[in-house]
Amino acid sequence: MIRPFVNVDKHAVNREKNTYTVRSIYLDTPDLLFYRDKIEGVPYRIKLRIRGYNRAADDSPVFFEIKRKHMIPMTKNRAPLPYATVKDILEGRVDPTSVQGLKNERQMEDLKRFLFQLHIGSLAPTVLVVYDREPYEAKEDSTVRITFDKDLKSAPLPSIHDLYTDRLKSVLENHFILEVKYNRHYPEWMQSITNAFNIKQCSASKYCMSENHPMILAQKPWQMFQRRPDTISYV
């Protein structure tokens, strides 16, 4: 039903089943502030992740990402570097301000923002989330993206060396996650399609779905959902 209105995303057009694999290491504070903010629906929140794609190579692009939610709109800071460089930065072997490969000053600023949040919040890798994505772009408005995410899996307490591991636990079997992303207007044709299938909008945080790791399971219920003063600085 969406086929007349979309093209396959350029990153998937030559791949089998028009699908690529997304790999994200989510970082959180010692008391899981980001997780709790999402569960509680805090309107202004952030999350940090390290994202790669498909299979590992030293020159594979890996992204330091900060994703911010301000009520409904979302914004993202994103700095891409080769996988080998990312490992060097996180393991303290190179000065991040001297790395090569960033395209412009904005990407360098995004890298600095990420590393500031990483250190000021004492963030640590909490869970690795992996899934296969089938992406499309609207023909008339390339800012409209429709994605089908499937085979969601996770692993607890990863290191950067685990980004491309296949030792994962299934999280969401026999289901897809449909996402519609847009900058200006939700397309009317997509509204008609979702109405035809009686699809309702809902929250679907892959990080929160992957709560099969011991840091979360070990929390007491009253500790997990109790609000505490924010400890993260926003920049």
# chains A, B, ... in the order shown; residues from 1 in each chain; ligands from 1
>>> residues_around(residues="stretch 47-56 of chain A", least_positions_apart="6", cutoff="6 Å", atoms="only C-alpha atoms", output="ChimeraX atom specification")
/A:21-27,62-67,164
>>> select_by_dssp(residues="stretch 6-179 of chain A", states="strand (DSSP E)", output="PyMOL selection string")
chain A and resi 6-8+20-28+44-53+61-70+74-82+124-138+145-156+169-179
>>> closest_residue(among="A:Leu33, A:Met71, A:Val99, A:Leu152", to="A:Val171", atoms="only C-alpha atoms")
A:Leu152
>>> atom_distance(atom1="atom CA of A:Ser205", atom2="atom CA of A:Phe34")
11.5 Å
>>> closest_residue(among="A:Asn18, A:Asn183, A:Ser98, A:Asn174", to="A:Thr143", atoms="only C-alpha atoms")
A:Asn183
>>> residues_around(residues="A:Thr194", least_positions_apart="4", cutoff="12 Å", atoms="only C-alpha atoms", output="list in words")
Met1, Ile2, Leu178, Glu179, Val180, Tyr186, Pro187, Glu188, Trp189, Met190, Asn198, Ile199, Lys200 and Gln201 of chain A
>>> write_last_selection(atoms="C-alpha atoms", output="mmCIF file, in the first residue's frame")
data_model
loop_
_atom_site.group_PDB
_atom_site.id
_atom_site.type_symbol
_atom_site.label_atom_id
_atom_site.label_comp_id
_atom_site.auth_asym_id
_atom_site.auth_seq_id
_atom_site.Cartn_x
_atom_site.Cartn_y
_atom_site.Cartn_z
ATOM 1 C CA MET A 1 0.000 0.000 0.000
ATOM 2 C CA ILE A 2 2.874 2.432 0.587
ATOM 3 C CA LEU A 178 6.631 0.725 12.158
ATOM 4 C CA GLU A 179 8.006 4.252 12.443
ATOM 5 C CA VAL A 180 6.918 7.303 10.453
ATOM 6 C CA TYR A 186 2.404 13.841 8.419
ATOM 7 C CA PRO A 187 1.463 12.588 4.915
ATOM 8 C CA GLU A 188 -2.264 12.170 4.266
ATOM 9 C CA TRP A 189 -1.700 8.976 2.265
ATOM 10 C CA MET A 190 0.036 7.377 5.255
ATOM 11 C CA ASN A 198 -6.499 0.540 12.608
ATOM 12 C CA ILE A 199 -2.890 1.253 13.599
ATOM 13 C CA LYS A 200 -2.572 3.513 16.637
ATOM 14 C CA GLN A 201 0.451 5.596 17.578
#
>>> closest_residue(among="A:Phe5, A:Phe197, A:Tyr20, A:Tyr35", to="A:Thr126", atoms="only C-alpha atoms")
A:Tyr35
>>> atom_distance(atom1="atom CA of A:Ile193", atom2="atom CA of A:Ser142")
18.7 Å
>>> select_by_dssp(residues="stretch 20-232 of chain A", states="helix (DSSP H, G or I)", output="PyMOL selection string")
chain A and resi 33-40+83-90+96-98+105-120+160-162+188-196+206-209+214-217+221-224
>>> residues_around(residues="A:Thr97", least_positions_apart="2", cutoff="8 Å", atoms="only C-alpha atoms", output="VMD selection string")
chain A and resid 95 99 108 112
>>> write_last_selection(atoms="N, CA and C atoms", output="compact mmCIF listing (two decimals), in the first residue's frame")
# COMPACT_ATOMS: atom_id res chain seq x y z
N ASP A 95 43.73 11.57 21.74
CA ASP A 95 43.04 12.79 22.13
C ASP A 95 41.89 13.02 21.16
N VAL A 99 41.41 13.99 16.44
CA VAL A 99 41.07 12.92 15.51
C VAL A 99 40.82 13.47 14.11
N MET A 108 32.61 18.02 14.92
CA MET A 108 33.55 18.09 16.04
C MET A 108 32.84 18.57 17.30
N LYS A 112 32.33 16.59 20.91
CA LYS A 112 32.64 17.18 22.21
C LYS A 112 31.42 17.11 23.13
>>> closest_residue(among="A:Asp149, A:Asp9, A:Asp59, A:Glu105", to="A:Pro135", atoms="only C-alpha atoms")
A:Asp9
>>> closest_residue(among="A:Thr165, A:Asn104, A:Ser60, A:Ser159", to="A:Leu90", atoms="only C-alpha atoms")
A:Ser159
>>> atom_distance(atom1="atom CA of A:Leu123", atom2="atom CA of A:Val86")
16.1 Å
>>> closest_residue(among="A:Val6, A:Ala12, A:Ile177, A:Ile46", to="A:Lys150", atoms="only C-alpha atoms")
A:Ile177
